[in-house]
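Worksheet: one structure, shown below.
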Amino acid sequence: MRGIFMFFFAAALLPGISQDQLKLLQDPGGWEYITVTDPDSGIQTTHTCFDGRPHPEECSGTLTFRPDGTFTKDIYIHHQRVQRHGNYELNGDQVAFYDELGTRDGPYTVAIDSAKSRMTLDMPQIHIALELKSAYRKAMRKAKSAEDEL
């Protein structure tokens, strides 16, 4: 276990992800999926649920990175909850996921905008935009309040 911790600590020191960004990446509240697009399919497609606008009754999803190198994806789509979990490897600005079955997903290039509480995960065939869950929920409450005032 200590070796795993040291690996993740050492990987975090590689160019690409600062210590502050790593702390944000591993926020205990996790990240809310905002958009999922397929930019390299020849035709730009955007997932109908994760299109940049919230659809909480139809779909939602969170991704949580823990400091011990584990992750949880919790997706609600098509009236079903799908949960995945496993380990992730962070190597500079690259992250790869290994789910509970050992299936590898990635590596993705990670870009974190701390000021906007946003993160993107990119591979040539997929682009995922996420927002820190606490910031996302705050924006949703603010939008709901503005709507209620009308």
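Order determines the names: the first chain of the structure tokens is A, the second B, and so forth; residues in each chain are numbered 1 upward, and ligands are numbered 1 upward as they are shown.
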
### Task
List the neighbours of Ser114 in chain A out to 10 Å using only C-alpha atoms; skip same-chain residues closer than 2 positions along the sequence, and give me the result as a PyMOL selection string.
chain A and resi 20-21+24-25+111-112+116-119+132

Which residues of range 49-142 of chain A sit at most 6 Å from range 28-32 of chain A, using only C-alpha atoms? Give each one's shortest atom pair and distance in Å (one decimal place), in chain and ascending residue order, as JSON lines.
{"residue": "A:Gly61", "atom": "CA", "partner": "A:Glu32", "partner_atom": "CA", "distance": 5.8}
{"residue": "A:Thr62", "atom": "CA", "partner": "A:Glu32", "partner_atom": "CA", "distance": 4.5}
{"residue": "A:Leu63", "atom": "CA", "partner": "A:Trp31", "partner_atom": "CA", "distance": 5.1}
{"residue": "A:Thr64", "atom": "CA", "partner": "A:Gly30", "partner_atom": "CA", "distance": 4.1}
{"residue": "A:Leu130", "atom": "CA", "partner": "A:Glu32", "partner_atom": "CA", "distance": 5.3}
{"residue": "A:Glu131", "atom": "CA", "partner": "A:Glu32", "partner_atom": "CA", "distance": 5.2}
{"residue": "A:Leu132", "atom": "CA", "partner": "A:Trp31", "partner_atom": "CA", "distance": 4.4}
{"residue": "A:Lys133", "atom": "CA", "partner": "A:Trp31", "partner_atom": "CA", "distance": 4.7}

### Task
Could you give me, as a ChimeraX atom specification, the residues within 7 Å of Ala96 in chain A, counting only C-alpha atoms and dropping anything in the same chain fewer than 3 positions from it?
/A:88-90,104-108

### Task
Between CA of His127 in chain A and CA of Thr72 in chain A, measure the distance and give it in Å to one decimal.
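CA of His127 in chain A sits 18.8 Å away from CA of Thr72 in chain A.
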
### A:Gln83, A:Gln125, A:Thr120, A:Thr70 ranked by distance to Asp38 in chain A, top pick (using only C-alpha atoms)
A:Gln125

#### Entry: Nearest to Tyr76 in chain A, chosen from A:Met140, A:Thr103, A:Tyr33, A:Val110, with only C-alpha atoms counted in the distances
A:Tyr33

#### Entry: Straight-line distance linking CA of Gly16 in chain A with CA of Leu101 in chain A, stated in Å to one decimal
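CA of Leu101 in chain A lies 28.5 Å from CA of Gly16 in chain A.
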
#### Entry: Selection: 6 Å around Glu100 in chain A, only C-alpha atoms, excl. self and same-chain fewer than 2 positions, as a list in words
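Skipping anything fewer than 2 positions along the chain leaves His85, Gly86 and Gly102 of chain A.
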
Using the selection just defined, write its residues with N, CA and C atoms as a PDB file, in the first residue's frame.
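To be explicit, this is the file written out as again19.pdb:
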ATOM      1  N   HIS A  85     -16.178   1.571 -10.436  1.00  0.00           N
ATOM      2  CA  HIS A  85     -15.135   1.936  -9.489  1.00  0.00           C
ATOM      3  C   HIS A  85     -13.883   1.148  -9.834  1.00  0.00           C
ATOM      4  N   GLY A  86     -12.791   1.598  -9.288  1.00  0.00           N
ATOM      5  CA  GLY A  86     -11.523   0.931  -9.537  1.00  0.00           C
ATOM      6  C   GLY A  86     -10.379   1.829  -9.143  1.00  0.00           C
ATOM      7  N   GLY A 102     -10.805  -4.614 -14.206  1.00  0.00           N
ATOM      8  CA  GLY A 102      -9.444  -4.472 -14.710  1.00  0.00           C
ATOM      9  C   GLY A 102      -9.364  -3.876 -16.101  1.00  0.00           C
TER      10      GLY A 102
END

### Message
Taking only range 44-127 of chain A into account, list the residues labelled strand (DSSP E) by DSSP (computed from the backbone), as a ChimeraX atom specification.
### Response
/A:45-51,59-65,70-77,80-91,94-99,104-113,118-123,126-127

### Task
May I ask which of the residues A:Gln80, A:Asp99, A:Ala135, A:Ser60 is the closest one to Val36 in chain A, counting only C-alpha atoms?
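The shortest atom-to-atom distance to Val36 in chain A comes from A:Ser60.
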
### Message
Can you tell me which residues surround Thr109 in chain A at a distance of at most 6 Å, considering only C-alpha atoms, apart from same-chain residues fewer than 3 positions away, and format the answer as an NGL selection string?
### Response
:A and (93-94 or 121-122)
